[in-house]
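Coordinates from query.txt are shown below (compact mmCIF, C-alpha atoms).
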# COMPACT_ATOMS: atom_id res chain seq x y z
CA MET A 37 0.00 0.00 0.00
CA SER A 38 1.38 3.42 -0.98
CA SER A 39 2.24 5.97 1.62
CA PRO A 40 -0.24 8.82 2.08
CA GLY A 41 0.48 12.03 0.15
CA LEU A 42 2.63 10.40 -2.54
CA PHE A 43 0.05 10.88 -5.32
CA ASP A 44 -1.93 13.74 -3.76
CA ALA A 45 -0.02 16.64 -5.38
CA PHE A 46 -2.23 19.24 -7.16
CA ARG A 47 -5.36 17.31 -6.09
CA SER A 48 -8.23 18.26 -3.82
CA ASN A 49 -10.64 15.76 -2.29
CA GLY A 50 -9.23 12.94 -4.41
CA ALA A 51 -10.20 14.58 -7.71
CA PRO A 52 -7.95 14.44 -10.79
CA THR A 53 -5.04 16.82 -11.07
CA TYR A 54 -6.11 20.36 -11.92
CA TYR A 55 -3.90 22.89 -13.68
CA GLU A 56 -4.83 26.53 -14.07
CA SER A 57 -5.29 27.98 -17.55
CA ASN A 58 -2.19 29.39 -19.21
CA LYS A 59 -3.39 32.30 -21.30
CA THR A 60 -1.06 33.32 -24.11
CA PRO A 61 -1.37 36.24 -26.54
CA PHE A 62 -1.75 35.92 -30.27
CA MET A 63 1.77 36.24 -31.66
CA ALA A 64 0.59 36.32 -35.30
CA ASP A 65 -2.60 36.65 -37.29
CA ILE A 66 -3.66 33.08 -38.13
CA LEU A 67 -5.73 34.10 -41.17
CA GLU A 68 -2.93 36.24 -42.58
CA SER A 69 -0.41 33.45 -42.00
CA GLY A 70 -2.73 30.96 -43.73
CA LEU A 71 -3.09 33.18 -46.80
CA ILE A 72 0.67 33.62 -47.06
CA TYR A 73 1.16 29.87 -46.72
CA ALA A 74 -1.44 29.16 -49.45
CA PHE A 75 0.19 31.44 -52.02
CA VAL A 76 3.66 30.15 -51.15
CA ILE A 77 2.46 26.59 -51.75
CA LEU A 78 1.03 27.61 -55.14
CA ALA A 79 4.28 29.33 -56.10
CA PHE A 80 6.33 26.33 -55.01
CA SER A 81 4.10 23.99 -57.03
CA PHE A 82 4.82 26.00 -60.19
CA PHE A 83 8.51 26.45 -59.45
CA ILE A 84 9.24 22.72 -59.14
CA ILE A 85 8.11 22.17 -62.76
CA LEU A 86 10.39 24.86 -64.19
CA PRO A 87 13.31 22.46 -64.85
CA GLY A 88 11.07 20.58 -67.29
CA ILE A 89 10.63 23.68 -69.49
CA ARG A 90 13.25 24.33 -72.14
CA GLY A 91 15.00 27.49 -73.26
CA LYS A 92 13.79 31.00 -72.65
CA GLU A 93 10.29 29.74 -71.92
CA ARG A 94 11.51 28.77 -68.45
CA ILE A 95 12.36 32.38 -67.62
CA PHE A 96 9.07 33.61 -69.11
CA VAL A 97 7.03 31.17 -67.01
CA LEU A 98 8.97 32.14 -63.87
CA ILE A 99 8.23 35.84 -64.40
CA ARG A 100 4.56 35.29 -65.24
CA VAL A 101 3.89 33.00 -62.27
CA THR A 102 5.75 35.22 -59.79
CA VAL A 103 4.04 38.45 -60.83
CA THR A 104 0.59 36.84 -61.05
CA LEU A 105 0.73 35.20 -57.61
CA PHE A 106 2.23 38.35 -56.09
CA ILE A 107 -0.73 40.45 -57.27
CA GLY A 108 -3.25 37.89 -56.01
CA GLY A 109 -1.46 37.57 -52.68
CA VAL A 110 -1.42 41.34 -52.19
CA ILE A 111 -5.16 41.54 -52.90
CA MET A 112 -6.00 38.91 -50.29
CA LEU A 113 -3.47 40.03 -47.64
CA THR A 114 -4.41 43.70 -47.78
CA ASN A 115 -8.10 42.79 -47.74
CA PHE A 116 -7.77 40.86 -44.48
CA GLY A 117 -4.71 42.60 -43.06
CA TYR A 118 -4.75 44.90 -40.02
CA GLU A 119 -2.09 47.41 -40.99
CA TRP A 120 -3.92 50.02 -43.02
CA GLU A 121 -3.20 52.48 -40.21
CA VAL A 122 -0.72 51.99 -37.39
CA ALA A 123 0.10 53.82 -34.14
CA GLU A 124 2.80 52.85 -31.62
CA ALA A 125 4.15 54.22 -28.35
CA LYS A 126 7.20 52.87 -26.51
CA ASN A 127 7.87 52.82 -22.77
CA VAL A 128 4.56 54.34 -21.75
CA ARG A 129 3.97 54.76 -18.00
CA THR A 130 0.32 53.96 -17.34
CA LYS A 131 -2.09 52.27 -14.96
CA TYR A 132 -2.76 48.60 -15.40
CA LYS A 133 -6.17 47.71 -13.96
CA ALA A 134 -9.08 49.45 -12.33
CA GLY A 135 -9.01 49.41 -8.54
CA SER A 136 -5.22 49.10 -8.39
CA ALA A 137 -2.77 51.91 -7.81
CA GLY A 138 0.14 50.06 -9.46
CA GLU A 139 1.57 51.31 -12.74
CA ILE A 140 3.48 49.58 -15.47
CA THR A 141 5.87 50.60 -18.21
CA ALA A 142 4.66 49.02 -21.44
CA ASP A 143 4.74 49.24 -25.22
CA ILE A 144 1.34 49.99 -26.75
CA ALA A 145 0.41 49.59 -30.42
CA VAL A 146 -2.79 49.80 -32.44
CA TYR A 147 -3.19 48.10 -35.83
CA MET A 148 -6.23 49.12 -37.85
CA GLY A 149 -7.74 47.14 -40.73
CA LEU A 150 -10.81 47.20 -42.91
CA ARG A 151 -12.84 45.16 -40.39
CA GLY A 152 -11.63 46.33 -36.97
CA ILE A 153 -8.61 47.06 -34.79
CA ASN A 154 -6.02 45.08 -32.85
CA VAL A 155 -4.60 46.57 -29.63
CA THR A 156 -1.41 45.17 -28.11
CA LEU A 157 -0.06 45.82 -24.62
CA LYS A 158 3.28 44.36 -23.55
CA ALA A 159 5.07 45.33 -20.33
CA ALA A 160 8.75 46.09 -20.68
CA ASP A 161 9.72 44.04 -17.62
CA GLY A 162 6.96 41.42 -18.04
CA GLY A 163 4.93 42.87 -15.14
CA ARG A 164 6.26 40.37 -12.60
CA PRO A 165 7.74 42.88 -10.12
CA TYR A 166 4.38 44.57 -9.57
CA PHE A 167 1.80 41.96 -10.51
CA ASN A 168 1.95 38.21 -10.29
CA GLU A 169 1.27 37.70 -13.99
CA THR A 170 2.82 38.18 -17.41
CA ILE A 171 1.48 41.31 -19.06
CA ASN A 172 1.28 40.58 -22.79
CA TYR A 173 -2.14 41.29 -24.32
CA ASN A 174 -3.52 41.37 -27.84
CA GLU A 175 -7.20 42.30 -27.99
CA HIS A 176 -9.33 42.47 -31.13
CA PHE A 177 -12.40 44.67 -31.66
CA ASP A 178 -14.56 44.17 -34.74
CA TRP A 179 -16.83 46.79 -36.34
CA ARG A 180 -18.26 44.84 -39.29
CA TRP A 181 -21.83 45.20 -40.53
CA GLU A 182 -24.17 47.94 -39.34
CA GLN A 183 -23.39 50.80 -36.99
CA GLY A 184 -26.17 49.92 -34.56
CA ARG A 185 -27.89 52.00 -31.95
CA LEU A 186 -26.27 54.03 -29.20
CA GLY A 187 -25.39 52.15 -26.07
CA PHE A 188 -24.22 48.62 -25.44
CA GLY A 189 -27.41 46.55 -25.70
CA ILE A 190 -28.45 43.85 -28.12
CA PHE A 191 -29.31 46.44 -30.79
CA ALA A 192 -25.97 48.21 -30.50
CA GLY A 193 -23.15 47.79 -32.98
CA ARG A 194 -20.70 44.93 -32.82
CA PHE A 195 -17.85 47.13 -31.65
CA ASN A 196 -19.88 48.46 -28.70
CA GLN A 197 -20.91 44.98 -27.63
CA GLU A 198 -17.33 43.72 -27.72
CA PHE A 199 -16.21 46.78 -25.76
CA ARG A 200 -18.70 46.02 -22.97
CA ALA A 201 -17.62 42.34 -22.95
CA ALA A 202 -13.98 43.44 -22.56
CA GLN A 203 -14.95 45.55 -19.56
CA PHE A 204 -16.62 42.57 -17.89
CA ARG A 205 -13.53 40.42 -18.54
CA GLY A 206 -11.29 42.88 -16.73
CA THR A 207 -9.25 43.93 -19.73
CA PRO A 208 -6.36 46.29 -18.81
CA LEU A 209 -7.19 49.98 -18.73
CA PRO A 210 -4.90 51.11 -21.60
CA ILE A 211 -6.76 48.81 -24.01
CA ILE A 212 -10.14 50.06 -22.73
CA TRP A 213 -9.06 53.66 -23.16
CA ILE A 214 -8.04 53.09 -26.77
CA ALA A 215 -11.26 51.22 -27.67
CA GLU A 216 -13.34 53.94 -26.00
CA TYR A 217 -12.37 56.43 -28.72
CA PHE A 218 -14.23 54.31 -31.30
CA ILE A 219 -17.57 53.99 -29.45
CA PHE A 220 -18.42 57.71 -29.33
CA ASP A 221 -20.80 58.76 -32.11
CA GLY A 222 -21.60 62.45 -31.88
CA GLU A 223 -20.44 65.86 -33.07
CA GLY A 224 -16.90 65.55 -34.48
CA ILE A 225 -16.04 62.51 -32.36
CA ARG A 226 -17.08 59.84 -34.84
CA TRP A 227 -13.91 57.98 -35.54
CA GLY A 228 -15.60 54.60 -35.16
CA ARG A 229 -18.38 55.40 -37.66
CA HIS A 230 -16.09 56.91 -40.29
CA TYR A 231 -13.45 54.19 -40.06
CA ARG A 232 -16.17 51.55 -40.32
CA GLN A 233 -17.61 53.18 -43.47
CA ALA A 234 -14.17 53.59 -45.00
CA GLY A 235 -13.35 49.95 -44.34
CA TRP A 236 -16.74 48.85 -45.71
CA TYR A 237 -16.34 50.56 -49.10
CA ALA A 238 -12.63 49.76 -49.38
CA HIS A 239 -13.18 46.06 -48.73
CA ILE A 240 -15.91 46.02 -51.45
CA MET A 241 -13.33 47.31 -53.91
CA MET A 242 -10.83 44.70 -52.78
CA TRP A 243 -13.37 41.92 -53.30
CA LEU A 244 -14.05 43.35 -56.77
CA ALA A 245 -10.33 43.29 -57.57
CA LEU A 246 -10.14 39.53 -56.87
CA PRO A 247 -12.43 38.33 -59.75
CA LEU A 248 -10.88 40.93 -62.05
CA TRP A 249 -7.49 39.40 -61.28
CA VAL A 250 -8.82 35.92 -62.12
CA LEU A 251 -10.30 37.18 -65.41
CA THR A 252 -6.96 38.82 -66.22
CA ILE A 253 -5.20 35.46 -65.92
CA VAL A 254 -7.78 33.79 -68.19
CA LEU A 255 -7.69 36.53 -70.83
CA PHE A 256 -3.90 36.45 -71.05
CA PHE A 257 -4.31 32.92 -72.46
CA ILE A 258 -6.93 34.05 -75.02
CA LEU A 259 -6.54 37.69 -76.09
CA LEU A 260 -3.60 39.69 -74.82
CA LYS A 261 -5.22 43.05 -75.52
CA TYR A 262 -8.19 42.36 -73.27
CA GLY A 263 -5.90 40.84 -70.66
CA ALA A 264 -4.03 44.14 -70.56
CA TYR A 265 -7.34 46.00 -70.20
CA PHE A 266 -8.41 43.89 -67.24
CA LEU A 267 -4.98 44.19 -65.63
CA MET A 268 -5.32 47.98 -65.76
CA LEU A 269 -8.86 47.67 -64.41
CA THR A 270 -7.62 45.51 -61.52
CA GLY A 271 -4.99 48.07 -60.59
CA GLY A 272 -7.51 50.90 -60.87
CA VAL A 273 -9.92 49.19 -58.48
CA MET A 274 -7.10 48.64 -55.96
CA VAL A 275 -6.14 52.32 -56.14
CA ILE A 276 -9.81 53.29 -55.70
CA ALA A 277 -9.84 51.27 -52.46
CA ASN A 278 -6.95 53.39 -51.17
CA ILE A 279 -8.71 56.58 -52.22
CA LEU A 280 -11.92 55.57 -50.44
CA TRP A 281 -10.07 54.70 -47.24
CA ALA A 282 -8.14 57.98 -47.23
CA THR A 283 -11.16 60.19 -47.98
CA ILE A 284 -14.01 58.65 -45.97
CA ARG A 285 -12.07 58.37 -42.70
CA ASN A 286 -12.62 61.22 -40.26
CA VAL A 287 -11.01 64.49 -41.28
CA ASN A 288 -9.98 65.00 -37.64
CA GLU A 289 -6.77 63.05 -37.09
CA LEU A 290 -7.04 60.51 -34.29
CA VAL A 291 -4.50 61.12 -31.50
CA ILE A 292 -4.73 59.16 -28.22
CA PRO A 293 -2.53 60.74 -25.50
CA PHE A 294 -1.20 58.86 -22.47
CA SER A 295 1.10 61.62 -21.33
CA ALA A 296 2.66 64.76 -22.72
CA GLU A 297 5.54 62.76 -24.19
CA HIS A 298 3.71 59.57 -25.23
CA LYS A 299 0.89 59.77 -27.76
CA LEU A 300 -0.63 57.34 -30.23
CA GLU A 301 -0.63 59.17 -33.56
CA PHE A 302 -2.12 57.19 -36.45
CA HIS A 303 -0.55 57.08 -39.91
CA PHE A 304 -0.94 54.90 -43.00
CA GLY A 305 0.58 51.47 -42.55
CA PRO A 306 2.25 48.83 -44.73
CA SER A 307 -1.02 47.37 -46.05
CA PHE A 308 -2.13 50.76 -47.36
CA TYR A 309 1.11 51.46 -49.21
CA LEU A 310 1.50 47.87 -50.44
CA ASN A 311 -1.96 47.94 -52.00
CA LEU A 312 -1.37 51.39 -53.50
CA ILE A 313 2.01 50.48 -55.04
CA THR A 314 0.69 47.17 -56.41
CA GLY A 315 -2.34 48.90 -57.96
CA ILE A 316 -0.14 51.48 -59.69
CA LEU A 317 2.19 48.69 -60.85
CA CYS A 318 -0.77 46.82 -62.38
CA ILE A 319 -1.83 49.91 -64.30
CA ILE A 320 1.70 50.48 -65.64
CA LEU A 321 2.12 46.83 -66.64
CA GLY A 322 -1.24 46.85 -68.41
CA VAL A 323 -0.30 49.94 -70.42
CA VAL A 324 3.11 48.46 -71.33
CA ILE A 325 1.60 45.14 -72.47
CA TRP A 326 -1.06 46.96 -74.49
CA ILE A 327 1.54 49.10 -76.30
CA LEU A 328 3.84 46.14 -76.95
CA ASP A 329 0.90 44.15 -78.32
CA LEU A 330 0.31 46.92 -80.85
CA ARG A 331 3.95 47.48 -81.82
CA PHE A 332 5.60 44.08 -81.29
CA PRO A 333 2.88 41.41 -81.31
CA GLU A 334 5.25 38.50 -82.02
CA LEU A 335 7.46 39.39 -79.04
CA VAL A 336 4.49 39.57 -76.66
CA THR A 337 2.94 36.32 -77.90
CA ASN A 338 6.26 34.54 -77.43
CA PHE A 339 6.52 35.84 -73.88
CA PHE A 340 3.00 34.72 -72.94
CA GLY A 341 3.19 31.51 -74.94
CA VAL A 342 -0.05 32.03 -76.90
CA ASP A 343 -0.98 31.60 -80.56
CA PRO A 344 -0.81 34.91 -82.50
CA LEU A 345 -3.75 33.79 -84.67
CA GLN A 346 -5.97 34.05 -81.60
CA ASP A 347 -5.78 37.83 -81.80
CA ASP A 348 -8.92 39.30 -83.31
CA ASN A 349 -6.91 41.95 -85.17
CA PHE A 350 -5.67 39.34 -87.64
CA ILE A 351 -9.16 37.96 -88.26
CA GLN A 352 -10.64 41.42 -88.58
CA GLY A 353 -7.89 42.43 -91.01
CA ALA A 354 -8.50 39.38 -93.21
CA SER A 355 -12.26 39.95 -93.27
CA PHE A 356 -11.71 43.65 -94.01
CA GLU A 357 -9.47 42.85 -96.99
CA THR A 358 -12.01 40.33 -98.32
CA ALA A 359 -14.84 42.84 -98.00
CA GLU A 360 -12.72 45.51 -99.68
CA ASN A 361 -11.94 43.24 -102.64
CA LYS A 362 -15.62 42.33 -102.97
CA ASN A 363 -16.67 45.99 -102.91
CA GLY A 364 -14.02 46.80 -105.52
CA MET A 365 -15.31 44.12 -107.86
CA GLU A 366 -18.87 45.38 -107.46
CA MET A 367 -17.78 48.91 -108.25
CA ARG A 368 -16.04 47.71 -111.42
CA HIS A 369 -19.22 45.94 -112.49
CA VAL A 370 -21.23 49.11 -112.02
CA GLN A 371 -18.72 51.16 -114.01
CA ASN A 372 -18.75 48.65 -116.85
CA GLY A 373 -22.51 48.86 -117.15
CA GLY A 374 -23.41 45.90 -115.06
CA GLY A 375 -22.96 43.22 -117.77
CA ASP A 376 -25.25 40.34 -118.25
CA LYS A 377 -26.44 38.01 -115.52
CA LYS A 378 -24.11 35.20 -116.51
CA GLN A 379 -21.08 37.42 -116.17
CA GLN A 380 -22.23 38.64 -112.76
CA GLN A 381 -22.84 35.09 -111.61
CA SER A 382 -19.38 34.03 -112.79
CA HIS A 383 -17.77 36.93 -110.94
CA ALA A 384 -19.74 36.07 -107.78
CA ALA A 385 -18.69 32.43 -108.03
CA ALA A 386 -15.07 33.49 -108.51
CA ALA A 387 -15.25 35.76 -105.43
CA ALA A 388 -16.80 33.00 -103.33
CA GLN A 389 -14.14 30.55 -104.48
CA GLU A 390 -11.43 33.08 -103.61
CA GLU A 391 -12.87 33.50 -100.10
CA GLU A 392 -12.95 29.73 -99.61
CA GLU A 393 -9.33 29.48 -100.77
CA ASP A 394 -8.35 32.17 -98.28
CA ASP A 395 -10.11 30.29 -95.49
CA ASP A 396 -8.45 27.06 -96.59
CA GLU A 397 -5.05 28.76 -96.46
CA ILE A 398 -5.73 30.01 -92.94
CA TYR A 399 -7.11 26.80 -91.48
CA GLU A 400 -5.29 24.27 -93.70
CA PRO A 401 -3.45 21.79 -91.48
CA PRO A 402 0.30 21.40 -92.01
CA VAL A 403 1.45 18.54 -94.24
CA PHE A 404 4.31 16.45 -92.95
CA GLU A 405 6.31 14.33 -95.40
CA PRO A 406 7.22 10.83 -94.19
CA PRO A 407 10.90 10.25 -93.54
CA PRO A 408 12.81 8.34 -96.26
CA ALA A 409 13.11 4.60 -95.75
CA PRO A 410 16.61 3.33 -94.89
CA LYS A 411 18.53 1.67 -97.72
CA ALA A 412 18.96 -2.10 -97.47
CA THR A 413 22.39 -3.72 -97.75
CA LYS A 414 23.33 -6.32 -100.37
CA PHE A 415 23.08 -9.14 -97.88
CA GLU A 416 19.61 -8.03 -96.81
CA LYS A 417 18.49 -7.73 -100.46
CA ARG A 418 19.81 -11.23 -101.29
CA LYS A 419 18.24 -12.67 -98.17
CA SER A 420 14.85 -11.07 -98.81
CA ARG A 421 14.89 -12.16 -102.48
CA GLY A 422 15.56 -15.78 -101.56
CA LEU A 423 12.88 -15.72 -98.90
CA THR A 424 10.40 -14.23 -101.35
CA GLN A 425 11.15 -16.89 -103.91
CA ARG A 426 10.70 -19.66 -101.37
CA LEU A 427 7.37 -18.21 -100.19
CA GLN A 428 6.02 -17.50 -103.67
CA LYS A 429 7.18 -20.75 -105.29
CA PRO A 430 4.15 -22.83 -104.24
CA ARG A 431 1.84 -20.09 -105.52
CA ARG A 432 3.31 -20.26 -109.03
CA ARG A 433 2.56 -23.96 -109.56
CA PRO A 434 0.03 -24.62 -112.37
CA PRO A 435 -3.43 -25.73 -111.33
CA PRO A 436 -4.05 -29.48 -111.42
CA VAL A 437 -5.47 -30.93 -114.66
CA PRO A 438 -8.86 -32.54 -114.17
CA GLU A 439 -9.03 -36.28 -114.88
CA ASP A 440 -10.66 -37.51 -118.06
CA HIS A 441 -13.92 -39.32 -117.28
CA GLY A 442 -15.35 -39.31 -120.79
CA GLY A 443 -16.67 -36.71 -123.14
CA ASP A 444 -20.06 -36.40 -121.53
CA ASP A 445 -18.60 -35.86 -118.13
CA MET A 446 -16.23 -33.20 -119.42
CA ASP A 447 -19.07 -31.38 -121.16
CA ASP A 448 -21.06 -31.43 -117.96
CA LEU A 449 -18.05 -30.19 -116.00
CA TYR A 450 -17.54 -27.10 -118.16
CA SER A 451 -21.17 -26.48 -119.04
CA ASN A 452 -21.40 -23.51 -116.63
CA THR A 453 -18.54 -21.59 -118.22
CA ARG A 454 -19.18 -18.91 -120.79
CA ASN A 455 -18.01 -19.01 -124.35
CA PRO A 456 -14.94 -16.79 -124.87
CA ASP A 457 -16.38 -15.55 -128.14
CA GLN A 458 -19.55 -14.48 -126.39
CA VAL A 459 -17.49 -12.67 -123.76
CA HIS A 460 -15.61 -10.70 -126.37
CA ILE A 461 -18.83 -9.93 -128.21
CA ASN A 462 -20.53 -8.69 -125.04
CA MET A 463 -17.54 -6.49 -124.22
CA GLY A 464 -17.61 -4.87 -127.60
CA TYR A 465 -14.61 -6.58 -129.19
CA ARG A 466 -14.60 -7.60 -132.88
CA HIS A 467 -13.00 -10.82 -134.23
Output the structure of this file as structure tokens.
Amino acid sequence: MSSPGLFDAFRSNGAPTYYESNKTPFMADILESGLIYAFVILAFSFFIILPGIRGKERIFVLIRVTVTLFIGGVIMLTNFGYEWEVAEAKNVRTKYKAGSAGEITADIAVYMGLRGINVTLKAADGGRPYFNETINYNEHFDWRWEQGRLGFGIFAGRFNQEFRAAQFRGTPLPIIWIAEYFIFDGEGIRWGRHYRQAGWYAHIMMWLALPLWVLTIVLFFILLKYGAYFLMLTGGVMVIANILWATIRNVNELVIPFSAEHKLEFHFGPSFYLNLITGILCIILGVVIWILDLRFPELVTNFFGVDPLQDDNFIQGASFETAENKNGMEMRHVQNGGGDKKQQQSHAAAAAQEEEEDDDEIYEPPVFEPPPAPKATKFEKRKSRGLTQRLQKPRRRPPPVPEDHGGDDMDDLYSNTRNPDQVHINMGYRH
């Protein structure tokens, strides 16, 4: 029997061992990390097949895949990212919790996105000397959907409801102070409303840029001109998202002071500038591809690996020339007095035949000549000749002569054959 107290550690009343919860902050955005991982996997899947492509086409495929996935990744990351506006303050001396006189020195940062804000609070010394806990918080407040009514009830906005829930949880005071600036909705203090509207319209433009990007990829395999148009349209929509965010947000700059020396002053973040630069880059690339398609179509088709006959300019040019020739012939007929009907019909038939020949020249499949057969050596010729003679020798034997059974029998045997003279007479021969 075991001694008492040997297996009683961390137990009460004989119950299983109980460990307190170990709360940890979010060190990275899981959704953002997942999007980056997805596009990296797609890029890696295309890169591993590059050694199987020959010549310059390998470099062309590398450039096309890299640029295409980069644009798509930027659209998704900036749409869901929380760095459209950023504010940071280092070594801020502030209170920690309500009902406590202790203060902490911490780094505070606010990251604003199209759907809400993230507030981080991290003590410089970990908070252990003053409080028996690790001070490292990352709280998220969401303002999606409608603004809602004033207050914090069930008909209030999502941001207000999450703010009241954070108060009940005992969230540190610096985070509550920052979130409180976004719940006021009156006079000029409407940062929450204006940022929510700016994020709403900007994220609509970002969602519009995603299908335009997909259509751009498809059109670059069909018609390069329209692919360039949609690439410019994609970049324009991305730039419009930046314009909407910068104009709809409150004209009064948001500044959250903690002391005379430490203030949270908001400015445009990496997501804003990344989306803006990528949108402008898309517009420039679309213009360049469009100009090169007009001036150097063969060079552009080689780079994108498409058939130049797919371009509608060639088809339109051929049809225009055919129509011009037809109109010219009709004008000549009118000048010559019209002619008779037979002459007009012959000219029409000749024009139709010429059009069919032109179509046949365009769509005629290539003719490949078979390779010449290898020459046989003397030994092979002699061997094949002897084998042929041996195989054909039984075939050259004369047919067996029927046995003579009497005149009557022979007449009966050949009674069903036709007379040669009759055959020659029927075929028209004269004897």
TODO: Considering only C-alpha atoms, return as number ranges by chain whatever protein or nucleic-acid residues lie within 9 Å of region 227-238 of chain A, sequence-local ones (same chain, fewer than 6 positions apart) excluded.
DONE: A: 115, 149-152, 179-183, 195, 217-221, 274, 276-286, 288-290
Only C-alpha atoms, please: the residues just picked out, written as a CSV table (one decimal), keeping the file's coordinate frame.
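Listing of out-v6.csv after writing:
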chain,number,residue,atom,x,y,z
A,115,ASN,CA,-8.1,42.8,-47.7
A,149,GLY,CA,-7.7,47.1,-40.7
A,150,LEU,CA,-10.8,47.2,-42.9
A,151,ARG,CA,-12.8,45.2,-40.4
A,152,GLY,CA,-11.6,46.3,-37.0
A,179,TRP,CA,-16.8,46.8,-36.3
A,180,ARG,CA,-18.3,44.8,-39.3
A,181,TRP,CA,-21.8,45.2,-40.5
A,182,GLU,CA,-24.2,47.9,-39.3
A,183,GLN,CA,-23.4,50.8,-37.0
A,195,PHE,CA,-17.8,47.1,-31.6
A,217,TYR,CA,-12.4,56.4,-28.7
A,218,PHE,CA,-14.2,54.3,-31.3
A,219,ILE,CA,-17.6,54.0,-29.4
A,220,PHE,CA,-18.4,57.7,-29.3
A,221,ASP,CA,-20.8,58.8,-32.1
A,274,MET,CA,-7.1,48.6,-56.0
A,276,ILE,CA,-9.8,53.3,-55.7
A,277,ALA,CA,-9.8,51.3,-52.5
A,278,ASN,CA,-7.0,53.4,-51.2
A,279,ILE,CA,-8.7,56.6,-52.2
A,280,LEU,CA,-11.9,55.6,-50.4
A,281,TRP,CA,-10.1,54.7,-47.2
A,282,ALA,CA,-8.1,58.0,-47.2
A,283,THR,CA,-11.2,60.2,-48.0
A,284,ILE,CA,-14.0,58.6,-46.0
A,285,ARG,CA,-12.1,58.4,-42.7
A,286,ASN,CA,-12.6,61.2,-40.3
A,288,ASN,CA,-10.0,65.0,-37.6
A,289,GLU,CA,-6.8,63.0,-37.1
A,290,LEU,CA,-7.0,60.5,-34.3
Task: Pick from A:Ile95, A:Leu330, A:Leu105, A:Leu157, whichever lies nearest to Leu78 (chain A) using all atoms listed in the file - done: A:Leu105
TODO: Measure the distance from CA of Lys133 (chain A) to CA of Pro210 (chain A) in Å and round it to one decimal.
DONE: 8.5 Å
Open item on the list: Which residue is closest to Leu328 (chain A)? Choose from A:Ala264, A:Leu67, A:Ile84, A:Met241 and count all atoms listed in the file.
Closed with: A:Ala264
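Taking CA of Gly315 (chain A) and CA of His239 (chain A) as the two end points, the separation is 14.5 Å.
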Open item on the list: My list of candidates is A:Leu300, A:Ile171, A:Ala160, A:Ile212. Which is closest to Ala145 (chain A) when distances are computed with all atoms listed in the file?
Closed with: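 Under the stated criterion, the closest residue is A:Leu300.
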- [ ] Calculate how many Å separate CA of Ile85 (chain A) from CA of Tyr73 (chain A), rounding to one decimal.
- [x]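 Separating CA of Ile85 (chain A) from CA of Tyr73 (chain A) is a distance of 19.1 Å.
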Each region 218-300 of chain A residue no farther than 12 Å from region 134-143 of chain A, nearest pair in Å, only C-alpha atoms, as JSON lines:
{"residue": "A:Phe294", "atom": "CA", "partner": "A:Ala142", "partner_atom": "CA", "distance": 11.5}
{"residue": "A:His298", "atom": "CA", "partner": "A:Asp143", "partner_atom": "CA", "distance": 10.4}
{"residue": "A:Lys299", "atom": "CA", "partner": "A:Asp143", "partner_atom": "CA", "distance": 11.5}
{"residue": "A:Leu300", "atom": "CA", "partner": "A:Asp143", "partner_atom": "CA", "distance": 10.9}
Task: Distance criterion (all atoms listed in the file): nearest to Gly91 (chain A) out of A:Gly189, A:Thr314, A:His176, A:Asn338 - done: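 Using all atoms listed in the file, the shortest distance to Gly91 (chain A) belongs to A:Asn338.
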TODO: List every protein, DNA or RNA residue with an atom no more than 6 Å from (-3.6, 43.9, -71.5) in the file's coordinates, counting all atoms listed in the file, and format the result as a ChimeraX atom specification.
DONE: /A:260-265,322,325-326
Open item on the list: Residues within 7 Å of Gly184 (chain A), please, as JSON, numbers by chain. Count all atoms listed in the file; anything in the same chain fewer than 5 positions from it doesn't count.
Closed with: {"A": [191, 192, 193]}
- [ ] Fewer than 6 positions away in the same chain doesn't count, so skip those; otherwise give me all residues within 9 Å of Ser295 (chain A), counting all atoms listed in the file, as a ChimeraX atom specification.
- [x] /A:128-130
Open item on the list: Restricting the calculation to only C-alpha atoms: of A:Thr337, A:Ser81, A:Thr270, A:Ser307, which residue gets closest to Ile320 (chain A)?
Closed with: A:Thr270
